[in-house]
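Colleague: You'll find work-v7.txt just under this line, and it carries compact mmCIF, C-alpha atoms and all ligand atoms.
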```
# COMPACT_ATOMS: atom_id res chain seq x y z
CA MET A 1 -2.86 -22.17 -19.81
CA ASP A 2 0.58 -23.35 -20.98
CA LYS A 3 3.64 -21.64 -19.67
CA PRO A 4 5.05 -19.27 -22.32
CA LYS A 5 8.68 -19.68 -23.45
CA THR A 6 9.08 -15.99 -24.23
CA ALA A 7 7.60 -12.65 -23.20
CA ASP A 8 8.23 -9.00 -23.89
CA ILE A 9 7.83 -8.02 -20.24
CA ILE A 10 7.81 -10.30 -17.18
CA ILE A 11 6.43 -9.04 -13.87
CA ILE A 12 7.49 -10.95 -10.75
CA GLY A 13 4.75 -10.83 -8.09
CA GLY A 14 0.96 -10.95 -8.15
CA GLY A 15 0.22 -8.46 -5.40
CA VAL A 16 -1.68 -5.26 -6.02
CA ILE A 17 1.45 -3.55 -7.42
CA GLY A 18 2.32 -6.32 -9.89
CA VAL A 19 -1.23 -6.68 -11.21
CA SER A 20 -1.56 -2.91 -11.58
CA ILE A 21 1.66 -2.75 -13.63
CA ALA A 22 0.39 -5.64 -15.76
CA PHE A 23 -2.98 -3.93 -16.26
CA HIS A 24 -1.50 -0.60 -17.33
CA LEU A 25 1.10 -2.23 -19.61
CA ALA A 26 -1.57 -4.34 -21.30
CA ARG A 27 -3.98 -1.38 -21.50
CA MET A 28 -1.21 0.65 -23.17
CA ARG A 29 -0.82 -2.16 -25.71
CA ALA A 30 2.51 -3.58 -24.59
CA ALA A 31 2.88 -6.74 -26.67
CA LYS A 32 3.33 -9.82 -24.48
CA VAL A 33 3.04 -9.20 -20.73
CA VAL A 34 3.46 -12.19 -18.40
CA LEU A 35 2.98 -11.94 -14.62
CA VAL A 36 4.49 -14.73 -12.52
CA GLU A 37 3.14 -15.30 -8.99
CA ARG A 38 4.57 -18.10 -6.89
CA LYS A 39 1.47 -18.57 -4.72
CA GLN A 40 -1.88 -17.07 -5.70
CA LEU A 41 -2.95 -13.51 -6.48
CA ALA A 42 -2.95 -11.33 -3.34
CA GLY A 43 -1.03 -14.10 -1.53
CA GLY A 44 1.43 -11.61 0.04
CA ALA A 45 0.98 -8.24 1.77
CA SER A 46 -1.90 -7.24 -0.49
CA GLY A 47 -4.33 -9.92 0.67
CA LEU A 48 -3.87 -8.95 4.32
CA SER A 49 -3.81 -5.19 3.85
CA SER A 50 -6.10 -3.05 5.99
CA GLY A 51 -7.15 -1.33 2.79
CA LEU A 52 -7.36 2.29 3.96
CA VAL A 53 -7.90 4.57 0.97
CA ARG A 54 -6.96 8.09 2.05
CA MET A 55 -4.79 10.80 0.60
CA HIS A 56 -3.28 12.45 3.65
CA TYR A 57 0.49 12.23 3.52
CA ASP A 58 3.26 14.39 4.86
CA ASN A 59 5.00 14.49 1.47
CA PRO A 60 3.86 15.31 -2.07
CA ILE A 61 4.92 12.14 -3.86
CA GLU A 62 2.87 9.68 -1.77
CA ALA A 63 -0.03 12.14 -1.81
CA GLU A 64 0.12 12.41 -5.60
CA PHE A 65 0.13 8.63 -5.93
CA ALA A 66 -2.87 8.37 -3.59
CA PHE A 67 -4.69 11.24 -5.34
CA ASN A 68 -4.11 9.80 -8.81
CA SER A 69 -5.28 6.38 -7.62
CA PHE A 70 -8.43 7.55 -5.88
CA ASP A 71 -10.76 7.52 -8.90
CA THR A 72 -9.83 3.91 -9.61
CA PHE A 73 -11.31 2.94 -6.23
CA ARG A 74 -14.33 5.23 -6.51
CA TYR A 75 -15.17 4.33 -10.11
CA PHE A 76 -13.74 0.81 -10.12
CA ASP A 77 -16.52 -0.65 -12.21
CA GLU A 78 -16.03 1.92 -14.99
CA ILE A 79 -12.23 1.95 -14.97
CA ILE A 80 -11.40 -1.67 -14.11
CA GLY A 81 -14.69 -3.59 -14.07
CA GLY A 82 -16.46 -5.16 -11.10
CA ASP A 83 -16.47 -4.16 -7.44
CA CYS A 84 -13.46 -3.39 -5.21
CA GLY A 85 -15.59 -2.91 -2.08
CA PHE A 86 -14.82 0.80 -1.79
CA VAL A 87 -16.83 2.57 0.93
CA GLY A 88 -16.49 6.36 1.24
CA THR A 89 -16.72 6.63 5.01
CA GLY A 90 -14.89 9.94 5.37
CA PHE A 91 -11.41 9.94 6.91
CA VAL A 92 -9.76 11.93 9.66
CA ARG A 93 -6.08 12.18 10.46
CA ILE A 94 -5.49 13.26 14.06
CA PRO A 95 -1.94 14.58 14.52
CA HIS A 96 0.18 14.56 17.60
CA ALA A 97 0.02 17.99 19.27
CA ARG A 98 3.69 18.71 18.45
CA ASN A 99 2.88 18.41 14.71
CA GLN A 100 0.06 20.93 14.40
CA GLU A 101 2.06 23.45 12.37
CA ARG A 102 3.27 20.69 10.07
CA LEU A 103 -0.32 19.51 9.70
CA ARG A 104 -1.40 22.99 8.60
CA ALA A 105 1.43 23.13 6.04
CA ASN A 106 0.68 19.64 4.76
CA VAL A 107 -3.05 20.27 4.35
CA GLY A 108 -2.13 23.31 2.23
CA MET A 109 0.24 21.13 0.17
CA LEU A 110 -2.49 18.47 -0.27
CA GLN A 111 -5.07 21.08 -1.31
CA ASP A 112 -2.59 22.39 -3.92
CA ILE A 113 -2.44 18.86 -5.39
CA GLY A 114 -6.25 18.96 -5.67
CA ILE A 115 -7.14 16.71 -2.75
CA ASP A 116 -10.49 17.31 -1.06
CA THR A 117 -9.26 17.89 2.49
CA TYR A 118 -9.51 20.60 5.12
CA LEU A 119 -8.78 21.30 8.76
CA ILE A 120 -11.45 20.75 11.37
CA SER A 121 -11.49 21.45 15.09
CA GLY A 122 -12.01 18.81 17.76
CA ALA A 123 -15.54 20.15 18.28
CA GLU A 124 -16.29 19.81 14.55
CA LEU A 125 -14.94 16.26 14.61
CA GLY A 126 -17.28 15.60 17.54
CA ASP A 127 -20.18 16.78 15.35
CA ILE A 128 -19.15 14.36 12.57
CA ALA A 129 -18.42 11.41 14.85
CA GLY A 130 -19.97 11.91 18.30
CA TYR A 131 -18.75 8.47 19.39
CA LEU A 132 -15.10 9.65 19.35
CA GLN A 133 -13.39 11.26 22.33
CA THR A 134 -12.27 14.64 20.93
CA ASP A 135 -11.51 16.78 24.02
CA ASP A 136 -7.75 16.63 23.43
CA ILE A 137 -7.92 17.63 19.74
CA SER A 138 -7.45 21.20 18.59
CA ILE A 139 -7.12 20.49 14.83
CA ALA A 140 -7.30 17.46 12.57
CA ALA A 141 -7.28 16.89 8.79
CA TYR A 142 -10.55 15.69 7.28
CA GLU A 143 -11.18 14.03 3.90
CA PRO A 144 -14.93 13.70 3.36
CA GLN A 145 -14.67 11.29 0.41
CA SER A 146 -11.98 8.85 1.54
CA GLY A 147 -12.57 5.45 3.15
CA TYR A 148 -11.44 1.91 2.52
CA ALA A 149 -11.63 -0.87 -0.08
CA ASP A 150 -11.33 -4.65 -0.09
CA PRO A 151 -7.71 -5.55 -0.93
CA TYR A 152 -8.46 -9.03 -2.26
CA LEU A 153 -11.30 -7.86 -4.53
CA THR A 154 -9.14 -4.96 -5.73
CA THR A 155 -6.14 -7.14 -6.59
CA VAL A 156 -8.12 -9.89 -8.30
CA GLY A 157 -10.31 -7.35 -10.12
CA ILE A 158 -7.29 -5.54 -11.55
CA ALA A 159 -5.71 -8.88 -12.52
CA GLN A 160 -8.86 -9.88 -14.41
CA ALA A 161 -8.84 -6.56 -16.25
CA ALA A 162 -5.16 -7.10 -17.15
CA LYS A 163 -6.10 -10.50 -18.57
CA ARG A 164 -8.94 -9.01 -20.61
CA HIS A 165 -6.37 -6.62 -22.13
CA GLY A 166 -4.18 -9.59 -23.06
CA ALA A 167 -1.77 -10.07 -20.15
CA GLN A 168 -1.00 -13.64 -19.11
CA ILE A 169 -0.99 -14.48 -15.40
CA LEU A 170 0.77 -17.57 -14.06
CA GLN A 171 -0.06 -18.57 -10.48
CA GLY A 172 1.82 -21.19 -8.49
CA VAL A 173 4.98 -20.45 -10.48
CA GLU A 174 8.06 -19.17 -8.64
CA VAL A 175 10.91 -17.19 -10.15
CA ILE A 176 14.10 -18.85 -8.90
CA GLY A 177 16.71 -17.01 -10.93
CA ILE A 178 17.26 -14.00 -13.15
CA ASP A 179 19.31 -14.54 -16.28
CA LEU A 180 21.77 -11.75 -17.06
CA GLU A 181 24.27 -11.33 -19.86
CA GLY A 182 26.58 -8.42 -20.61
CA GLY A 183 24.86 -6.07 -18.18
CA ARG A 184 21.34 -6.74 -19.36
CA VAL A 185 18.48 -9.03 -18.43
CA ARG A 186 17.65 -11.97 -20.71
CA GLY A 187 14.87 -13.74 -18.85
CA VAL A 188 13.91 -15.61 -15.71
CA GLU A 189 14.29 -19.18 -14.51
CA THR A 190 11.08 -20.39 -12.90
CA SER A 191 9.91 -23.46 -11.02
CA VAL A 192 8.39 -24.70 -14.28
CA GLY A 193 11.14 -23.68 -16.70
CA TYR A 194 12.82 -20.74 -18.44
CA ILE A 195 11.01 -17.68 -19.86
CA ALA A 196 13.06 -15.35 -22.07
CA ALA A 197 12.28 -11.61 -21.91
CA PRO A 198 14.21 -8.36 -22.44
CA VAL A 199 12.36 -6.60 -19.59
CA VAL A 200 11.78 -7.94 -16.06
CA VAL A 201 10.03 -6.06 -13.24
CA ASN A 202 10.61 -6.90 -9.57
CA ALA A 203 7.19 -6.41 -7.93
CA ALA A 204 7.81 -8.98 -5.19
CA GLY A 205 6.79 -6.71 -2.30
CA PRO A 206 8.41 -7.75 1.01
CA TRP A 207 10.37 -10.39 -0.99
CA GLY A 208 11.82 -7.59 -3.14
CA SER A 209 15.32 -8.02 -1.70
CA VAL A 210 15.26 -11.76 -2.34
CA VAL A 211 14.35 -11.24 -6.00
CA ALA A 212 16.81 -8.34 -6.39
CA ALA A 213 19.59 -10.56 -5.00
CA MET A 214 18.93 -12.98 -7.89
CA ALA A 215 20.28 -10.19 -10.11
CA GLY A 216 23.15 -9.42 -7.72
CA ILE A 217 21.48 -6.30 -6.29
CA ASP A 218 21.33 -5.44 -2.60
CA ALA A 219 17.88 -3.76 -2.43
CA GLN A 220 17.77 -3.40 1.38
CA ILE A 221 14.05 -3.91 1.83
CA THR A 222 13.30 -4.88 5.40
CA PRO A 223 10.13 -6.91 6.09
CA PHE A 224 8.09 -5.83 9.12
CA LYS A 225 5.10 -7.60 10.66
CA HIS A 226 1.84 -5.67 10.87
CA GLN A 227 -0.99 -7.07 13.00
CA ALA A 228 -4.62 -6.12 12.41
CA THR A 229 -7.57 -6.95 14.67
CA LEU A 230 -11.25 -7.35 13.77
CA ILE A 231 -13.67 -6.32 16.50
CA GLU A 232 -17.41 -6.08 16.75
CA THR A 233 -18.44 -2.47 16.14
CA PRO A 234 -19.63 -1.07 19.49
CA SER A 235 -23.43 -0.84 19.59
CA LEU A 236 -23.37 2.97 20.01
CA VAL A 237 -21.29 3.42 16.87
CA PRO A 238 -22.96 3.58 13.43
CA SER A 239 -21.86 1.28 10.66
CA PRO A 240 -20.16 2.28 8.46
CA HIS A 241 -18.37 4.75 10.74
CA LEU A 242 -15.56 7.21 10.09
CA THR A 243 -12.11 5.87 9.15
CA ILE A 244 -9.43 7.34 11.41
CA ILE A 245 -5.69 7.46 11.85
CA ASP A 246 -4.99 8.75 15.33
CA ARG A 247 -1.31 9.54 15.83
CA VAL A 248 -1.85 10.80 19.38
CA ASN A 249 -2.66 7.27 20.48
CA GLY A 250 -0.93 5.48 17.58
CA VAL A 251 -3.92 3.57 16.23
CA TYR A 252 -6.15 3.33 13.16
CA LEU A 253 -9.74 2.21 12.73
CA ARG A 254 -12.08 1.56 9.85
CA PRO A 255 -15.39 -0.23 9.43
CA GLU A 256 -15.63 -3.71 7.96
CA THR A 257 -18.72 -5.38 6.59
CA GLY A 258 -21.21 -7.06 8.93
CA ARG A 259 -20.99 -4.60 11.86
CA LEU A 260 -17.32 -5.28 12.34
CA SER A 261 -14.44 -2.81 12.58
CA LEU A 262 -10.77 -3.28 11.74
CA THR A 263 -8.06 -1.73 13.90
CA GLY A 264 -4.28 -1.75 14.12
CA ILE A 265 -1.30 0.12 15.46
CA SER A 266 -0.27 3.18 13.44
CA GLY A 267 3.25 4.53 13.42
CA GLY A 268 5.30 1.48 14.33
CA GLY A 269 6.04 0.60 17.90
CA GLN A 270 4.81 -2.98 17.89
CA ASN A 271 5.56 -3.90 14.29
CA THR A 272 8.53 -6.25 14.48
CA GLU A 273 11.17 -6.97 11.85
CA VAL A 274 11.21 -10.36 10.12
CA ALA A 275 14.57 -11.82 9.10
CA ILE A 276 14.75 -12.40 5.33
CA ASP A 277 15.48 -16.11 5.84
CA GLU A 278 12.35 -16.42 8.03
CA LEU A 279 10.09 -14.52 5.65
CA ASP A 280 8.50 -17.61 4.16
CA GLY A 281 7.61 -19.14 7.51
CA PHE A 282 6.70 -16.08 9.55
CA GLY A 283 3.77 -16.57 11.90
CA GLU A 284 0.47 -15.11 10.74
CA THR A 285 -1.11 -15.92 14.10
CA PRO A 286 -1.94 -12.74 16.03
CA ILE A 287 0.01 -12.02 19.20
CA PRO A 288 -2.39 -11.45 22.16
CA GLN A 289 -0.18 -8.75 23.70
CA ILE A 290 -0.28 -6.67 20.51
CA GLU A 291 -4.05 -7.17 20.26
CA LEU A 292 -4.48 -5.89 23.82
CA ASN A 293 -2.17 -2.96 23.19
CA THR A 294 -4.11 -2.02 20.04
CA LEU A 295 -7.41 -2.02 21.92
CA GLU A 296 -5.95 0.04 24.79
CA ARG A 297 -4.77 2.65 22.31
CA LEU A 298 -8.17 2.67 20.59
CA TYR A 299 -10.01 2.95 23.91
CA HIS A 300 -8.54 6.45 24.47
CA ARG A 301 -10.23 7.64 21.24
CA LEU A 302 -13.26 5.34 21.23
CA PRO A 303 -14.23 4.50 24.83
CA ALA A 304 -17.19 2.39 23.61
CA VAL A 305 -14.70 -0.21 22.38
CA GLU A 306 -14.52 -1.44 25.96
CA ALA A 307 -17.65 -3.52 25.33
CA SER A 308 -16.51 -4.88 21.93
CA ALA A 309 -15.61 -8.51 21.43
CA VAL A 310 -12.58 -9.42 19.34
CA ARG A 311 -13.60 -11.56 16.35
CA LYS A 312 -10.21 -12.43 14.86
CA GLY A 313 -6.93 -10.99 13.71
CA HIS A 314 -4.08 -11.59 11.32
CA VAL A 315 -0.45 -10.67 10.80
CA GLY A 316 0.81 -9.52 7.43
CA VAL A 317 4.23 -8.40 6.35
CA GLU A 318 5.22 -5.12 4.71
CA GLY A 319 8.50 -4.43 2.90
CA TYR A 320 10.08 -1.20 4.13
CA THR A 321 12.96 0.77 2.66
CA SER A 322 15.10 2.85 5.01
CA ASP A 323 13.34 6.14 4.10
CA GLY A 324 9.88 4.51 4.03
CA HIS A 325 9.30 5.13 0.32
CA ALA A 326 9.18 2.71 -2.58
CA LEU A 327 11.93 1.77 -5.02
CA LEU A 328 10.52 2.68 -8.43
CA GLY A 329 12.57 2.68 -11.61
CA PRO A 330 15.44 0.99 -13.42
CA ALA A 331 17.71 -1.12 -11.23
CA ASN A 332 21.25 0.13 -11.09
CA GLY A 333 23.53 -1.23 -13.77
CA ILE A 334 21.25 -3.86 -15.35
CA ASP A 335 19.47 -2.87 -18.56
CA GLY A 336 15.88 -4.06 -18.68
CA PHE A 337 15.57 -4.83 -14.95
CA TYR A 338 13.11 -2.58 -13.08
CA MET A 339 12.17 -2.29 -9.42
CA ALA A 340 8.62 -1.61 -8.18
CA THR A 341 8.92 -2.81 -4.65
CA GLY A 342 9.42 -1.61 -1.06
CA LEU A 343 6.00 0.07 -1.05
CA SER A 344 6.23 0.06 2.75
CA GLY A 345 2.93 0.73 4.52
CA HIS A 346 1.13 2.53 1.70
CA GLY A 347 1.16 0.38 -1.41
CA PHE A 348 -2.49 -0.56 -1.49
CA LYS A 349 -4.04 2.87 -1.95
CA GLU A 350 -1.25 3.93 -4.33
CA ALA A 351 -1.20 0.87 -6.57
CA PRO A 352 -3.32 2.22 -9.45
CA ALA A 353 -1.02 5.21 -10.04
CA VAL A 354 2.18 3.30 -9.26
CA GLY A 355 1.20 0.74 -11.92
CA GLN A 356 0.51 3.50 -14.42
CA ALA A 357 3.79 5.27 -13.65
CA MET A 358 5.81 2.07 -14.10
CA ALA A 359 4.04 1.22 -17.37
CA GLU A 360 4.72 4.73 -18.71
CA LEU A 361 8.38 4.49 -17.68
CA ILE A 362 8.86 1.06 -19.26
CA LEU A 363 7.04 1.83 -22.52
CA ASN A 364 7.74 5.55 -23.00
CA GLY A 365 10.91 6.12 -20.96
CA LYS A 366 9.21 8.57 -18.57
CA ALA A 367 6.47 8.39 -15.95
CA GLU A 368 3.89 11.10 -16.60
CA VAL A 369 1.20 10.49 -13.98
CA VAL A 370 3.62 11.17 -11.11
CA ASP A 371 7.30 12.12 -11.37
CA ILE A 372 8.94 9.07 -9.81
CA THR A 373 12.57 10.14 -10.16
CA PRO A 374 12.80 11.04 -6.42
CA LEU A 375 12.08 7.34 -5.70
CA ARG A 376 14.71 5.95 -8.09
CA PRO A 377 16.33 2.82 -6.63
CA THR A 378 19.78 4.41 -6.87
CA ARG A 379 18.93 7.26 -4.46
CA PHE A 380 20.46 5.58 -1.40
CA ALA A 381 23.79 4.97 -3.14
CA GLU A 382 23.68 8.63 -4.26
CA GLY A 383 23.00 9.78 -0.67
CA GLN A 384 19.71 11.33 -1.81
CA ILE A 385 17.06 9.76 0.40
CA TYR A 386 13.57 11.14 -0.08
CA GLU A 387 12.67 13.53 2.74
CA ALA A 388 9.68 15.86 2.99
CA PRO A 389 10.01 19.32 4.55
CA ASN A 390 7.10 18.73 6.93
CA ALA A 391 7.48 15.04 7.68
CA TYR A 392 5.84 13.90 10.90
CA GLN A 393 8.48 12.45 13.22
C1 LIG B 401 -1.62 -5.77 7.81
C2 LIG B 401 -1.32 -4.76 6.73
C3 LIG B 401 -2.09 -3.58 6.66
C4 LIG B 401 -1.85 -2.65 5.65
N1 LIG B 401 -2.67 -1.57 5.53
C5 LIG B 401 -2.55 -0.73 4.47
C6 LIG B 401 -3.49 0.31 4.26
O1 LIG B 401 -4.43 0.48 5.05
N2 LIG B 401 -3.37 1.08 3.15
C7 LIG B 401 -2.33 0.92 2.26
O2 LIG B 401 -2.25 1.67 1.29
N3 LIG B 401 -1.41 -0.06 2.46
C8 LIG B 401 -1.51 -0.88 3.52
N4 LIG B 401 -0.61 -1.89 3.70
C9 LIG B 401 0.54 -1.98 2.79
C10 LIG B 401 0.14 -2.58 1.46
O3 LIG B 401 -0.74 -3.66 1.68
C11 LIG B 401 1.39 -3.02 0.71
O4 LIG B 401 2.25 -1.91 0.51
C12 LIG B 401 1.03 -3.59 -0.66
O5 LIG B 401 0.04 -4.60 -0.55
C13 LIG B 401 2.27 -4.13 -1.33
O6 LIG B 401 1.87 -4.76 -2.52
P1 LIG B 401 2.94 -5.53 -3.38
O7 LIG B 401 2.25 -6.00 -4.61
O8 LIG B 401 4.17 -4.67 -3.53
O9 LIG B 401 3.40 -6.75 -2.45
P2 LIG B 401 2.68 -8.15 -2.17
O10 LIG B 401 1.23 -8.02 -2.07
O11 LIG B 401 3.40 -8.79 -1.04
O12 LIG B 401 2.95 -8.97 -3.50
C14 LIG B 401 4.22 -9.51 -3.80
C15 LIG B 401 3.96 -10.87 -4.40
O13 LIG B 401 5.19 -11.37 -4.92
C16 LIG B 401 5.13 -12.78 -4.80
N5 LIG B 401 6.51 -13.28 -4.93
C17 LIG B 401 7.52 -13.09 -4.06
N6 LIG B 401 8.63 -13.71 -4.50
C18 LIG B 401 8.30 -14.28 -5.70
C19 LIG B 401 9.02 -15.08 -6.63
N7 LIG B 401 10.31 -15.38 -6.44
N8 LIG B 401 8.38 -15.52 -7.74
C20 LIG B 401 7.08 -15.21 -7.97
N9 LIG B 401 6.32 -14.46 -7.09
C21 LIG B 401 6.95 -14.00 -5.97
C22 LIG B 401 4.51 -12.99 -3.42
O14 LIG B 401 3.96 -14.31 -3.30
C23 LIG B 401 3.47 -11.90 -3.38
O15 LIG B 401 2.17 -12.36 -3.77
C24 LIG B 401 -0.80 -2.86 4.70
C25 LIG B 401 -0.04 -4.03 4.77
C26 LIG B 401 -0.30 -4.98 5.76
C27 LIG B 401 0.51 -6.24 5.80
```
Would you write out, as structure tokens, the structure that this file holds?
Modeller:
Amino acid sequence: MDKPKTADIIIIGGGVIGVSIAFHLARMRAAKVVLVERKQLAGGASGLSSGLVRMHYDNPIEAEFAFNSFDTFRYFDEIIGGDCGFVGTGFVRIPHARNQERLRANVGMLQDIGIDTYLISGAELGDIAGYLQTDDISIAAYEPQSGYADPYLTTVGIAQAAKRHGAQILQGVEVIGIDLEGGRVRGVETSVGYIAAPVVVNAAGPWGSVVAAMAGIDAQITPFKHQATLIETPSLVPSPHLTIIDRVNGVYLRPETGRLSLTGISGGGQNTEVAIDELDGFGETPIPQIELNTLERLYHRLPAVEASAVRKGHVGVEGYTSDGHALLGPANGIDGFYMATGLSGHGFKEAPAVGQAMAELILNGKAEVVDITPLRPTRFAEGQIYEAPNAYQ
């Protein structure tokens, strides 16, 4: 397809966030939507995501995004078309002992949103998943319907739906400059020429700061490495098994197809920062020490992992803001330039609702699906970082 010379809305980035914005804009009959991806769809964080689809959060805004996205994963074929690989394994969030009261408060908050979740005891968790070590657990939060999906299938499936609704998707085309005049955006310079547009959306994920800088904005998105490891599912463990986030040991686990399981470190610790100028060449090769550390953490919850062989691993990169929440909304001081970046460690499961919220904001002036004003990009300059009353430390 030929490169267009003009568009009504340009989206920079073909990860799960960019394609979701394109889909919702096109579905809502925005005129000419063009998405520009410098590599290929899902070529950034999205393609390497662990793909957990759960709704447990310690704050209402991420929970509302996850809740309002959940049906898109469950009923992908009806809503988007095709298969996103969603498997409803059930999900449990095991809190650190010091956070039990916060967990109780947060489960109440999540139930008020409408999320199917409740508290279970360690003994009840043992009944659900007898292969887990549960002696140290007094309460945990359970979501019977949650699970995981395939991030590549999800991203490409949403992109195809966006195309069917009329959006144009350019792959292998890099945005190298943003054209501004008199305080408003006029278009983008790309590796294959100029595209004029009155609206430009920065959905460049961990590269969000690089793209924002093209418009003179200091977005302060810090890229962090995140290593995931694929292991053979221990023979005593059923497949698919429960998806877990265990904050006592700092590890997560979910099944993968073909009697494999995917695991990684939860809650930081081993996830190292990547300098912006090294972002394009960062090593995707797994680090053996992190792999070993992940398996040691998992062993405390799943002793049977001792006999599991490691199949492979990968390192992806996530773009974090300083409060761990996305930048969603108009960029400060530039008419027509929007930010939908810095999704941190939760952008995959939230992408359907984030895309809808951004499309509503751009076309109607207000996001209806979730109130995104607490995540406005200007909040840091205003000294109003987003903090939840019962955040887990
Ligand atoms: C290992 C790992 C595990 C994760 N696990 C989970 C999980 O279990 N659940 C969950 O919800 N989230 C998870 N995440 C986080 C989630 O994957 C991200 O928040 C999400 O994928 C971000 O999507 P995005 O579209 O914003 O960014 P990306 O997918 O990175 O997309 C940005 C795109 O912009 C393109 N781009 C950059 N600069 C330009 C330019 N100048 N011109 C054109 N294109 C450009 C890039 O090539 C890239 O494709 C995980 C992330 C990683 C790395």
Colleague: May I ask for the distance between CA of Gly166 (chain A) and CA of Met339 (chain A), given in Å to one decimal place?
Modeller: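 Computed distance, CA of Gly166 (chain A) to CA of Met339 (chain A), equals 22.5 Å.
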Colleague: Using all atoms listed in the file, can you tell me which of A:Glu181, A:Glu278, A:Asp150, A:Glu296 comes closest to Thr222 (chain A)?
Modeller: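 Checking each candidate against Thr222 (chain A), we get A:Glu278 as the closest.
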Colleague: Quick one: distance from CA of Gly316 (chain A) to CA of Met214 (chain A) in Å, one decimal?
Modeller: 24.0 Å
Colleague: Using only C-alpha atoms and all ligand atoms, determine which residues fall within 6 Å of ligand LIG 401 (chain B), then list them as a ChimeraX atom specification.
Modeller: /A:12-18,36-39,41-46,48-52,174-176,203-207,211,226-228,315-318,341,343-349
Colleague: I need the chosen residues saved as an mmCIF file, in the coordinates of the input, with C-alpha atoms.
Modeller:
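Saved the output as again_4.cif:
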```
data_model
loop_
_atom_site.group_PDB
_atom_site.id
_atom_site.type_symbol
_atom_site.label_atom_id
_atom_site.label_comp_id
_atom_site.auth_asym_id
_atom_site.auth_seq_id
_atom_site.Cartn_x
_atom_site.Cartn_y
_atom_site.Cartn_z
ATOM 1 C CA ILE A 12 7.490 -10.950 -10.750
ATOM 2 C CA GLY A 13 4.750 -10.830 -8.090
ATOM 3 C CA GLY A 14 0.960 -10.950 -8.150
ATOM 4 C CA GLY A 15 0.220 -8.460 -5.400
ATOM 5 C CA VAL A 16 -1.680 -5.260 -6.020
ATOM 6 C CA ILE A 17 1.450 -3.550 -7.420
ATOM 7 C CA GLY A 18 2.320 -6.320 -9.890
ATOM 8 C CA VAL A 36 4.490 -14.730 -12.520
ATOM 9 C CA GLU A 37 3.140 -15.300 -8.990
ATOM 10 C CA ARG A 38 4.570 -18.100 -6.890
ATOM 11 C CA LYS A 39 1.470 -18.570 -4.720
ATOM 12 C CA LEU A 41 -2.950 -13.510 -6.480
ATOM 13 C CA ALA A 42 -2.950 -11.330 -3.340
ATOM 14 C CA GLY A 43 -1.030 -14.100 -1.530
ATOM 15 C CA GLY A 44 1.430 -11.610 0.040
ATOM 16 C CA ALA A 45 0.980 -8.240 1.770
ATOM 17 C CA SER A 46 -1.900 -7.240 -0.490
ATOM 18 C CA LEU A 48 -3.870 -8.950 4.320
ATOM 19 C CA SER A 49 -3.810 -5.190 3.850
ATOM 20 C CA SER A 50 -6.100 -3.050 5.990
ATOM 21 C CA GLY A 51 -7.150 -1.330 2.790
ATOM 22 C CA LEU A 52 -7.360 2.290 3.960
ATOM 23 C CA GLU A 174 8.060 -19.170 -8.640
ATOM 24 C CA VAL A 175 10.910 -17.190 -10.150
ATOM 25 C CA ILE A 176 14.100 -18.850 -8.900
ATOM 26 C CA ALA A 203 7.190 -6.410 -7.930
ATOM 27 C CA ALA A 204 7.810 -8.980 -5.190
ATOM 28 C CA GLY A 205 6.790 -6.710 -2.300
ATOM 29 C CA PRO A 206 8.410 -7.750 1.010
ATOM 30 C CA TRP A 207 10.370 -10.390 -0.990
ATOM 31 C CA VAL A 211 14.350 -11.240 -6.000
ATOM 32 C CA HIS A 226 1.840 -5.670 10.870
ATOM 33 C CA GLN A 227 -0.990 -7.070 13.000
ATOM 34 C CA ALA A 228 -4.620 -6.120 12.410
ATOM 35 C CA VAL A 315 -0.450 -10.670 10.800
ATOM 36 C CA GLY A 316 0.810 -9.520 7.430
ATOM 37 C CA VAL A 317 4.230 -8.400 6.350
ATOM 38 C CA GLU A 318 5.220 -5.120 4.710
ATOM 39 C CA THR A 341 8.920 -2.810 -4.650
ATOM 40 C CA LEU A 343 6.000 0.070 -1.050
ATOM 41 C CA SER A 344 6.230 0.060 2.750
ATOM 42 C CA GLY A 345 2.930 0.730 4.520
ATOM 43 C CA HIS A 346 1.130 2.530 1.700
ATOM 44 C CA GLY A 347 1.160 0.380 -1.410
ATOM 45 C CA PHE A 348 -2.490 -0.560 -1.490
ATOM 46 C CA LYS A 349 -4.040 2.870 -1.950
#
```
Colleague: For Ala353 (chain A), which of A:Tyr131, A:Phe337, A:Phe73, A:Tyr392 is the closest residue, counting only C-alpha atoms?
Modeller: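 Using only C-alpha atoms, Ala353 (chain A) sits closest to A:Phe73.
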Colleague: What separation in Å, quoted to one decimal, exists between CA of Val201 (chain A) and CA of Glu284 (chain A)?
Modeller: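 Going from CA of Val201 (chain A) over to CA of Glu284 (chain A) covers 27.4 Å.
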Colleague: Nearest residue to Ile113 (chain A) out of A:Glu232, A:Gly365, A:Val370, A:Lys32, using all atoms listed in the file?
Modeller: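 The answer is A:Val370, which sits nearest to Ile113 (chain A).
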Colleague: From the options A:Gly187, A:Gly319, A:Pro330, A:Gly177, which residue's atoms come nearest to Ile221 (chain A), counting all atoms listed in the file?
Modeller: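 Under the stated criterion, the closest residue is A:Gly319.
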Colleague: So which residues fall inside 12 Å of (-18.0, -5.0, 11.4) if we count all atoms listed in the file? Mind giving them as a PyMOL selection string?
Modeller: chain A and resi 229-235+237-241+253-263+308-312
Colleague: Would you mind listing what lies within 8 Å of Ile195 (chain A) as a VMD selection string, with all atoms listed in the file counted and same-chain residues fewer than 3 positions away left out?
Modeller: chain A and resid 4 to 7 187 to 190
Colleague: Write out as number ranges by chain which residues come within 8 Å of Pro352 (chain A) when counting all atoms listed in the file, dropping same-chain ones fewer than 5 positions away.
Modeller: A: 17, 20, 68-69, 72
